[in-house]
file protein34.tsv (TSV, C-alpha atoms)
chain	number	residue	atom	x	y	z
A	1421	MET	CA	19.39	52.49	-0.69
A	1422	SER	CA	21.84	55.33	-0.10
A	1423	LEU	CA	20.52	58.88	-0.03
A	1424	PHE	CA	20.76	60.98	-3.18
A	1425	SER	CA	23.49	63.57	-3.63
A	1426	ASP	CA	22.66	66.85	-5.34
A	1427	SER	CA	24.49	65.69	-8.47
A	1428	ASP	CA	22.02	62.77	-8.66
A	1429	LEU	CA	19.03	65.15	-8.75
A	1430	THR	CA	17.21	67.65	-10.89
A	1431	CYS	CA	14.81	70.31	-9.63
A	1432	ASN	CA	11.68	70.57	-11.74
A	1433	ASN	CA	8.71	72.91	-11.79
A	1434	PHE	CA	5.18	71.61	-11.33
A	1435	LEU	CA	2.07	73.82	-11.51
A	1436	SER	CA	4.12	76.52	-13.25
A	1437	GLY	CA	6.57	76.67	-10.37
A	1438	ARG	CA	4.11	76.62	-7.47
A	1439	VAL	CA	5.76	73.31	-6.62
A	1440	ARG	CA	9.52	72.85	-7.04
A	1441	LEU	CA	10.35	69.17	-6.93
A	1442	TRP	CA	13.76	67.61	-6.46
A	1443	GLN	CA	13.76	64.17	-8.07
A	1444	PRO	CA	16.35	61.65	-9.21
A	1445	ARG	CA	18.05	62.33	-12.50
A	1446	SER	CA	17.92	58.66	-13.50
A	1447	GLY	CA	15.49	57.06	-11.02
A	1448	TYR	CA	11.71	57.26	-10.85
A	1449	ARG	CA	10.52	60.65	-12.15
A	1450	ALA	CA	7.01	62.01	-11.78
A	1451	GLY	CA	4.96	62.79	-14.88
A	1452	VAL	CA	1.44	64.18	-15.25
A	1453	ASP	CA	-0.25	61.21	-13.55
A	1454	PRO	CA	0.30	62.34	-9.92
A	1455	VAL	CA	-0.70	65.91	-10.82
A	1456	LEU	CA	-4.01	64.75	-12.27
A	1457	LEU	CA	-4.53	62.49	-9.25
A	1458	ALA	CA	-4.01	65.43	-6.89
A	1459	ALA	CA	-6.40	67.60	-8.89
A	1460	ALA	CA	-9.22	65.05	-8.54
A	1461	VAL	CA	-9.28	65.17	-4.73
A	1462	PRO	CA	-12.04	67.40	-3.24
A	1463	ALA	CA	-9.96	68.45	-0.25
A	1464	THR	CA	-10.61	71.76	1.52
A	1465	ARG	CA	-8.89	73.78	4.24
A	1466	GLY	CA	-8.47	71.75	7.41
A	1467	HIS	CA	-8.72	68.36	5.69
A	1468	THR	CA	-6.10	65.69	6.31
A	1469	VAL	CA	-4.59	63.71	3.43
A	1470	LEU	CA	-2.56	60.50	3.53
A	1471	GLU	CA	-0.55	59.42	0.50
A	1472	LEU	CA	0.49	55.78	0.30
A	1473	GLY	CA	3.79	55.43	-1.56
A	1474	CYS	CA	4.50	59.15	-1.86
A	1475	GLY	CA	7.88	58.89	-3.61
A	1476	ALA	CA	9.47	62.34	-3.79
A	1477	GLY	CA	6.10	63.90	-2.99
A	1478	ALA	CA	4.78	65.08	-6.37
A	1479	ALA	CA	1.10	64.22	-5.87
A	1480	ILE	CA	0.63	65.32	-2.29
A	1481	LEU	CA	2.69	68.49	-2.70
A	1482	CYS	CA	0.59	69.49	-5.73
A	1483	LEU	CA	-2.54	68.86	-3.67
A	1484	LEU	CA	-1.26	70.90	-0.72
A	1485	ALA	CA	-0.29	73.74	-3.06
A	1486	ARG	CA	-3.85	73.81	-4.43
A	1487	VAL	CA	-5.53	73.56	-1.01
A	1488	PRO	CA	-3.96	75.94	1.54
A	1489	GLY	CA	-4.62	74.82	5.09
A	1490	ALA	CA	-4.79	71.10	4.29
A	1491	GLN	CA	-2.34	68.82	6.11
A	1492	GLY	CA	-0.56	65.84	4.62
A	1493	VAL	CA	1.20	62.66	5.62
A	1494	GLY	CA	3.19	60.62	3.12
A	1495	VAL	CA	4.23	56.99	3.58
A	1496	GLU	CA	7.25	55.87	1.56
A	1497	LEU	CA	9.07	52.53	1.60
A	1498	GLN	CA	12.39	53.63	0.09
A	1499	PRO	CA	14.60	55.66	2.47
A	1500	ALA	CA	16.17	57.80	-0.26
A	1501	TYR	CA	12.79	58.83	-1.64
A	1502	ALA	CA	11.37	59.45	1.84
A	1503	ASP	CA	14.32	61.74	2.56
A	1504	LEU	CA	13.73	63.51	-0.76
A	1505	ALA	CA	10.04	64.00	0.05
A	1506	ARG	CA	11.00	65.63	3.37
A	1507	ARG	CA	13.38	67.97	1.57
A	1508	ASN	CA	10.71	68.87	-0.98
A	1509	ALA	CA	8.17	69.52	1.78
A	1510	ILE	CA	10.55	71.92	3.53
A	1511	GLU	CA	11.54	73.75	0.36
A	1512	ASN	CA	7.88	74.14	-0.67
A	1513	ASP	CA	6.84	75.23	2.84
A	1514	ALA	CA	4.24	72.46	2.86
A	1515	SER	CA	2.54	70.92	5.87
A	1516	LEU	CA	3.73	67.41	5.07
A	1517	GLU	CA	4.98	64.73	7.44
A	1518	VAL	CA	6.83	61.84	5.78
A	1519	VAL	CA	6.88	58.39	7.37
A	1520	GLU	CA	9.36	55.80	6.15
A	1521	ALA	CA	7.48	52.50	6.33
A	1522	ASP	CA	6.04	49.55	4.46
A	1523	LEU	CA	2.34	50.31	3.99
A	1524	SER	CA	1.49	46.76	5.07
A	1525	ALA	CA	3.27	47.38	8.41
A	1526	LEU	CA	2.56	50.98	9.36
A	1527	PRO	CA	3.90	52.36	12.65
A	1528	ALA	CA	1.53	52.01	15.59
A	1529	GLU	CA	1.11	55.77	15.91
A	1530	LEU	CA	-0.05	56.09	12.31
A	1531	LYS	CA	-2.49	53.21	12.78
A	1532	GLN	CA	-4.27	55.33	15.39
A	1533	ARG	CA	-4.98	58.11	12.92
A	1534	GLN	CA	-7.72	58.55	10.33
A	1535	PHE	CA	-7.77	60.86	7.33
A	1536	ASP	CA	-10.33	62.69	5.25
A	1537	HIS	CA	-8.57	61.56	2.07
A	1538	VAL	CA	-6.17	58.83	1.02
A	1539	ILE	CA	-4.41	59.05	-2.33
A	1540	ALA	CA	-2.21	56.51	-4.07
A	1541	ASN	CA	-0.30	55.98	-7.30
A	1542	PRO	CA	0.77	52.33	-6.82
A	1543	PRO	CA	3.25	50.57	-9.09
A	1544	TYR	CA	1.57	50.02	-12.44
A	1545	TYR	CA	2.90	46.55	-13.21
A	1546	ARG	CA	2.35	43.22	-11.52
A	1547	ALA	CA	5.50	41.61	-10.21
A	1548	GLY	CA	7.49	40.25	-13.13
A	1549	ALA	CA	5.20	41.84	-15.73
A	1550	HIS	CA	7.55	44.63	-16.84
A	1551	SER	CA	11.15	44.94	-17.97
A	1552	SER	CA	13.40	45.53	-15.00
A	1553	ALA	CA	14.83	49.04	-14.75
A	1554	ASN	CA	18.54	49.63	-14.32
A	1555	ASP	CA	17.81	51.89	-11.35
A	1556	GLN	CA	16.61	50.02	-8.25
A	1557	GLY	CA	14.38	52.85	-7.06
A	1558	ARG	CA	12.65	53.10	-10.41
A	1559	SER	CA	12.23	49.33	-10.55
A	1560	ILE	CA	10.54	49.30	-7.13
A	1561	ALA	CA	8.32	52.25	-8.08
A	1562	LEU	CA	7.15	50.58	-11.30
A	1563	GLY	CA	6.91	46.92	-10.28
A	1564	GLU	CA	4.39	45.72	-7.74
A	1565	GLY	CA	5.95	44.41	-4.54
A	1566	THR	CA	2.94	44.78	-2.27
A	1567	PRO	CA	-0.28	43.30	-3.72
A	1568	LEU	CA	-2.82	45.90	-4.81
A	1569	ASP	CA	-5.38	44.41	-2.40
A	1570	ILE	CA	-3.18	45.49	0.53
A	1571	TRP	CA	-3.15	49.07	-0.78
A	1572	PHE	CA	-6.94	49.08	-0.61
A	1573	ASP	CA	-7.04	47.42	2.79
A	1574	THR	CA	-4.60	49.96	4.22
A	1575	ALA	CA	-6.45	52.88	2.63
A	1576	ALA	CA	-9.83	51.73	3.95
A	1577	LYS	CA	-8.50	51.33	7.49
A	1578	ARG	CA	-6.92	54.79	7.50
A	1579	LEU	CA	-9.93	56.62	6.07
A	1580	ALA	CA	-12.32	58.44	8.38
A	1581	PRO	CA	-16.02	57.62	7.90
A	1582	ARG	CA	-17.23	59.12	4.59
A	1583	GLY	CA	-13.61	59.76	3.58
A	1584	TYR	CA	-12.44	59.37	-0.01
A	1585	LEU	CA	-9.80	57.22	-1.65
A	1586	HIS	CA	-8.41	58.37	-4.99
A	1587	MET	CA	-6.07	56.08	-6.92
A	1588	VAL	CA	-4.51	56.28	-10.38
A	1589	GLN	CA	-3.61	53.02	-12.08
A	1590	LYS	CA	-3.31	51.33	-15.44
A	1591	ALA	CA	-6.68	50.63	-17.01
A	1592	ASP	CA	-6.00	46.89	-17.22
A	1593	ARG	CA	-5.77	46.81	-13.41
A	1594	LEU	CA	-9.35	48.07	-13.02
A	1595	PRO	CA	-10.74	44.59	-12.21
A	1596	ASP	CA	-8.19	44.33	-9.38
A	1597	MET	CA	-9.13	47.80	-8.16
A	1598	LEU	CA	-12.84	46.99	-8.07
A	1599	ALA	CA	-12.06	43.77	-6.21
A	1600	GLY	CA	-10.02	45.81	-3.73
A	1601	CYS	CA	-13.01	48.05	-3.04
A	1602	ALA	CA	-15.41	45.14	-2.49
A	1603	GLY	CA	-16.46	44.93	1.16
A	1604	ARG	CA	-14.32	47.94	2.08
A	1605	LEU	CA	-15.35	51.00	0.08
A	1606	GLY	CA	-18.42	52.07	-1.88
A	1607	SER	CA	-19.77	54.81	-4.17
A	1608	VAL	CA	-17.10	53.81	-6.68
A	1609	GLU	CA	-16.50	56.10	-9.65
A	1610	VAL	CA	-13.97	55.60	-12.44
A	1611	LEU	CA	-12.51	58.26	-14.74
A	1612	PRO	CA	-10.63	56.84	-17.76
A	1613	LEU	CA	-7.68	58.91	-19.02
A	1614	ALA	CA	-7.19	58.77	-22.80
A	1615	ALA	CA	-4.30	60.40	-24.63
A	1616	ARG	CA	-6.51	61.56	-27.54
A	1617	LEU	CA	-9.98	61.17	-29.01
A	1618	ASP	CA	-10.63	57.66	-30.27
A	1619	ARG	CA	-7.68	56.30	-28.29
A	1620	THR	CA	-8.05	53.53	-25.73
A	1621	ALA	CA	-7.71	54.75	-22.14
A	1622	GLU	CA	-4.40	53.57	-20.70
A	1623	LEU	CA	-4.95	54.91	-17.17
A	1624	VAL	CA	-7.90	55.38	-14.81
A	1625	ILE	CA	-8.52	57.40	-11.69
A	1626	LEU	CA	-10.73	55.57	-9.23
A	1627	ARG	CA	-12.64	57.29	-6.44
A	1628	ALA	CA	-14.28	55.32	-3.64
A	1629	ARG	CA	-15.85	56.38	-0.36
A	1630	LYS	CA	-15.78	54.76	3.06
A	1631	GLY	CA	-19.39	53.95	3.87
A	1632	GLY	CA	-20.53	55.03	0.40
A	1633	LYS	CA	-23.72	53.47	-0.95
A	1634	ALA	CA	-24.13	55.08	-4.38
A	1635	ALA	CA	-24.24	53.00	-7.55
A	1636	PHE	CA	-21.07	52.45	-9.57
A	1637	ARG	CA	-20.41	55.23	-12.07
A	1638	LEU	CA	-18.17	55.12	-15.14
A	1639	HIS	CA	-17.38	58.58	-16.49
A	1640	ALA	CA	-16.64	59.60	-20.05
A	1641	PRO	CA	-12.88	59.60	-20.67
A	1642	LEU	CA	-10.82	62.67	-19.86
A	1643	ILE	CA	-8.98	63.49	-23.09
A	1644	LEU	CA	-5.46	64.74	-22.40
A	1645	HIS	CA	-4.38	66.07	-25.82
A	1646	VAL	CA	-5.97	67.75	-28.83
A	1647	GLY	CA	-5.15	66.66	-32.36
A	1648	GLU	CA	-4.48	63.28	-33.87
A	1649	ARG	CA	-0.79	63.04	-33.07
A	1650	HIS	CA	1.95	64.61	-30.98
A	1651	GLU	CA	3.31	67.88	-32.33
A	1652	LYS	CA	6.94	68.15	-31.25
A	1653	ASP	CA	7.06	71.89	-30.73
A	1654	GLY	CA	3.45	72.47	-29.63
A	1655	ASP	CA	1.61	72.32	-26.34
A	1656	SER	CA	-1.16	69.90	-27.22
A	1657	TYR	CA	-2.89	69.54	-23.85
A	1658	THR	CA	-6.60	70.26	-23.82
A	1659	THR	CA	-7.68	73.48	-22.11
A	1660	GLN	CA	-8.97	71.64	-19.03
A	1661	VAL	CA	-5.86	69.51	-18.59
A	1662	SER	CA	-3.56	72.47	-19.22
A	1663	ASP	CA	-5.41	74.41	-16.50
A	1664	VAL	CA	-4.71	71.56	-14.09
A	1665	LEU	CA	-1.05	71.15	-15.02
A	1666	ARG	CA	-0.16	74.82	-15.35
A	1667	ASN	CA	-2.46	76.60	-12.91
A	1668	GLY	CA	-3.20	74.01	-10.25
A	1669	ALA	CA	-6.90	73.88	-11.10
A	1670	ALA	CA	-9.15	71.21	-9.63
A	1671	LEU	CA	-10.49	68.41	-11.80
A	1672	PRO	CA	-14.22	68.55	-10.96
A	1673	VAL	CA	-15.37	65.53	-12.94
A	1674	PHE	CA	-16.58	63.34	-10.10
A	1675	SER	CA	-20.00	63.74	-8.49
A	1676	GLY	CA	-20.15	66.00	-5.44
A	1677	GLN	CA	-17.10	68.07	-6.44
call {"tool": "encode", "arguments": {"input": "protein34.tsv", "output": "structure tokens"}}
result
Amino acid sequence: MSLFSDSDLTCNNFLSGRVRLWQPRSGYRAGVDPVLLAAAVPATRGHTVLELGCGAGAAILCLLARVPGAQGVGVELQPAYADLARRNAIENDASLEVVEADLSALPAELKQRQFDHVIANPPYYRAGAHSSANDQGRSIALGEGTPLDIWFDTAAKRLAPRGYLHMVQKADRLPDMLAGCAGRLGSVEVLPLAARLDRTAELVILRARKGGKAAFRLHAPLILHVGERHEKDGDSYTTQVSDVLRNGAALPVFSGQ
């Protein structure tokens, strides 16, 4: 994939401008999912964070903006997006190293390192289970090329003892996520994300811990919007979600955070 030119890009504000993100005008574009994922991670100063499939860097850059003194590494398969993540790291003055690699075949140097946290926002759809996008980068970002089990295997190997994995995925992939944790990670907690009250959760954030022994925990859904329907001209996010999206607040819904 050729690198993006400036005319191919837009620069968008995240966290009310604390993160300025260059992203493709017509390719894969980050929404609220990576911001909520970043907010769920209990990182503190000095912690190391690895993002698998970092794209242009939305999730990890939001996390690094919230946690000064943390250090990040992003792994990205697509050269154009890896290059974009490097640019975004520089322009946001973030301590982020970007490695262009397939997560199932990481460079030897990276295989020698362990991290306090691993985060991931894998493609939501199984191979062949979604309509193909006109843009190749978007198609790769949305459609699973690497089996979800390999994401969990890679994450578990790169986590330091007692380190946390956080992953956002479609709710119907939860059985696959739990299978991915089996024998690798414990203390599993799941936070469903529902658009409104009385709506079915379409996404979940899963937390699991290397060496964790606590019982499985299913949290009450995080409701994203108030009201029964979308109001075109209104900001309908709940107070908690708005605080995350606008002010870079943490999302302290998991135990121990």
call {"tool": "residues_around", "arguments": {"input": "protein34.tsv", "residues": "Val1624 of chain A", "least_positions_apart": "5", "cutoff": "9 Å", "atoms": "all atoms listed in the file", "output": "list of chain:residue names"}}
result
A:Met1587, A:Val1588, A:Gln1589, A:Lys1590, A:Ala1591, A:Arg1593, A:Leu1594, A:Val1610, A:Leu1611, A:Pro1612, A:Leu1613, A:Ala1614, A:Pro1641
call {"tool": "atom_distance", "arguments": {"input": "protein34.tsv", "atom1": "atom CA of Ala1628 of chain A", "atom2": "atom CA of Arg1533 of chain A"}}
result
19.2 Å
call {"tool": "atom_distance", "arguments": {"input": "protein34.tsv", "atom1": "atom CA of Glu1511 of chain A", "atom2": "atom CA of Gln1660 of chain A"}}
result
28.3 Å
call {"tool": "atom_distance", "arguments": {"input": "protein34.tsv", "atom1": "atom CA of Ile1480 of chain A", "atom2": "atom CA of Val1452 of chain A"}}
result
13.0 Å
call {"tool": "residues_around", "arguments": {"input": "protein34.tsv", "residues": "Gly1631 of chain A", "least_positions_apart": "4", "cutoff": "8 Å", "atoms": "only C-alpha atoms", "output": "CSV table (one decimal) with C-alpha atoms, keeping the file's coordinate frame"}}
result
chain,number,residue,atom,x,y,z
A,1581,PRO,CA,-16.0,57.6,7.9
A,1582,ARG,CA,-17.2,59.1,4.6
A,1605,LEU,CA,-15.4,51.0,0.1
A,1606,GLY,CA,-18.4,52.1,-1.9
call {"tool": "closest_residue", "arguments": {"input": "protein34.tsv", "among": "A:Trp1442, A:Tyr1584, A:Tyr1657, A:Phe1434", "to": "Val1461 of chain A", "atoms": "all atoms listed in the file"}}
result
A:Tyr1584
call {"tool": "residues_around", "arguments": {"input": "protein34.tsv", "residues": "Val1664 of chain A", "least_positions_apart": "6", "cutoff": "8 Å", "atoms": "only C-alpha atoms", "output": "VMD selection string"}}
result
chain A and resid 1435 1455 to 1456 1459 1670 to 1671
call {"tool": "residues_near_point", "arguments": {"input": "protein34.tsv", "point": "(-15.7, 57.0, 5.0)", "cutoff": "12 Å", "atoms": "all atoms listed in the file", "output": "VMD selection string"}}
result
chain A and resid 1534 to 1538 1575 to 1585 1604 to 1607 1627 to 1633
call {"tool": "closest_residue", "arguments": {"input": "protein34.tsv", "among": "A:Glu1471, A:Glu1622, A:Asp1592, A:Glu1520", "to": "Thr1574 of chain A", "atoms": "only C-alpha atoms"}}
result
A:Glu1471
call {"tool": "closest_residue", "arguments": {"input": "protein34.tsv", "among": "A:Pro1672, A:Gly1437, A:Pro1567, A:Gly1473", "to": "Leu1523 of chain A", "atoms": "all atoms listed in the file"}}
result
A:Gly1473
call {"tool": "closest_residue", "arguments": {"input": "protein34.tsv", "among": "A:Asn1433, A:Ser1515, A:Thr1659, A:Ser1524", "to": "Leu1497 of chain A", "atoms": "all atoms listed in the file"}}
result
A:Ser1524
call {"tool": "residues_around", "arguments": {"input": "protein34.tsv", "residues": "Leu1568 of chain A", "least_positions_apart": "2", "cutoff": "12 Å", "atoms": "only C-alpha atoms", "output": "ChimeraX atom specification"}}
result
/A:1472,1523-1524,1540-1547,1563-1566,1570-1575,1587-1590,1593-1601
call {"tool": "closest_residue", "arguments": {"input": "protein34.tsv", "among": "A:Gly1451, A:Ala1479, A:Val1519, A:Val1661", "to": "Pro1499 of chain A", "atoms": "only C-alpha atoms"}}
result
A:Val1519
call {"tool": "closest_residue", "arguments": {"input": "protein34.tsv", "among": "A:Cys1431, A:Leu1423, A:Cys1482, A:Val1495", "to": "Leu1526 of chain A", "atoms": "all atoms listed in the file"}}
result
A:Val1495
call {"tool": "residues_near_point", "arguments": {"input": "protein34.tsv", "point": "(-4.8, 62.7, -31.5)", "cutoff": "9 Å", "atoms": "only C-alpha atoms", "output": "PyMOL selection string"}}
result
chain A and resi 1615-1619+1645-1650
call {"tool": "decode", "arguments": {"input": "protein34.tsv", "residues": "segment 1588-1600 of chain A", "atoms": "N, CA, C and O atoms", "output": "mmCIF file, in the first residue's frame"}}
result
data_model
loop_
_atom_site.group_PDB
_atom_site.id
_atom_site.type_symbol
_atom_site.label_atom_id
_atom_site.label_comp_id
_atom_site.auth_asym_id
_atom_site.auth_seq_id
_atom_site.Cartn_x
_atom_site.Cartn_y
_atom_site.Cartn_z
ATOM 1 N N VAL A 1588 -11.418 -4.438 22.705
ATOM 2 C CA VAL A 1588 -12.789 -4.109 22.335
ATOM 3 C C VAL A 1588 -13.141 -4.910 21.084
ATOM 4 O O VAL A 1588 -12.342 -5.024 20.151
ATOM 5 N N GLN A 1589 -14.364 -5.462 21.110
ATOM 6 C CA GLN A 1589 -14.798 -6.318 20.003
ATOM 7 C C GLN A 1589 -16.314 -6.305 19.930
ATOM 8 O O GLN A 1589 -17.003 -5.821 20.837
ATOM 9 N N LYS A 1590 -16.840 -6.846 18.845
ATOM 10 C CA LYS A 1590 -18.280 -7.011 18.736
ATOM 11 C C LYS A 1590 -18.753 -8.045 19.755
ATOM 12 O O LYS A 1590 -18.068 -9.028 20.033
ATOM 13 N N ALA A 1591 -19.953 -7.798 20.292
ATOM 14 C CA ALA A 1591 -20.473 -8.660 21.344
ATOM 15 C C ALA A 1591 -20.627 -10.106 20.881
ATOM 16 O O ALA A 1591 -20.442 -11.040 21.671
ATOM 17 N N ASP A 1592 -20.940 -10.310 19.602
ATOM 18 C CA ASP A 1592 -21.131 -11.686 19.137
ATOM 19 C C ASP A 1592 -19.817 -12.461 19.022
ATOM 20 O O ASP A 1592 -19.821 -13.666 18.781
ATOM 21 N N ARG A 1593 -18.688 -11.767 19.210
ATOM 22 C CA ARG A 1593 -17.395 -12.451 19.226
ATOM 23 C C ARG A 1593 -16.952 -12.825 20.637
ATOM 24 O O ARG A 1593 -15.856 -13.374 20.824
ATOM 25 N N LEU A 1594 -17.799 -12.543 21.638
ATOM 26 C CA LEU A 1594 -17.404 -12.830 23.020
ATOM 27 C C LEU A 1594 -17.053 -14.303 23.244
ATOM 28 O O LEU A 1594 -16.067 -14.596 23.938
ATOM 29 N N PRO A 1595 -17.802 -15.274 22.696
ATOM 30 C CA PRO A 1595 -17.376 -16.667 22.877
ATOM 31 C C PRO A 1595 -15.955 -16.924 22.367
ATOM 32 O O PRO A 1595 -15.189 -17.653 22.998
ATOM 33 N N ASP A 1596 -15.592 -16.315 21.236
ATOM 34 C CA ASP A 1596 -14.239 -16.464 20.707
ATOM 35 C C ASP A 1596 -13.217 -15.811 21.633
ATOM 36 O O ASP A 1596 -12.102 -16.314 21.799
ATOM 37 N N MET A 1597 -13.587 -14.683 22.214
ATOM 38 C CA MET A 1597 -12.679 -13.985 23.125
ATOM 39 C C MET A 1597 -12.422 -14.805 24.389
ATOM 40 O O MET A 1597 -11.284 -14.921 24.861
ATOM 41 N N LEU A 1598 -13.488 -15.381 24.938
ATOM 42 C CA LEU A 1598 -13.324 -16.207 26.136
ATOM 43 C C LEU A 1598 -12.488 -17.450 25.827
ATOM 44 O O LEU A 1598 -11.650 -17.872 26.636
ATOM 45 N N ALA A 1599 -12.695 -18.019 24.640
ATOM 46 C CA ALA A 1599 -11.875 -19.162 24.236
ATOM 47 C C ALA A 1599 -10.416 -18.751 24.095
ATOM 48 O O ALA A 1599 -9.509 -19.520 24.430
ATOM 49 N N GLY A 1600 -10.171 -17.528 23.609
ATOM 50 C CA GLY A 1600 -8.809 -17.040 23.465
ATOM 51 C C GLY A 1600 -8.108 -16.864 24.793
ATOM 52 O O GLY A 1600 -6.881 -17.007 24.888
#
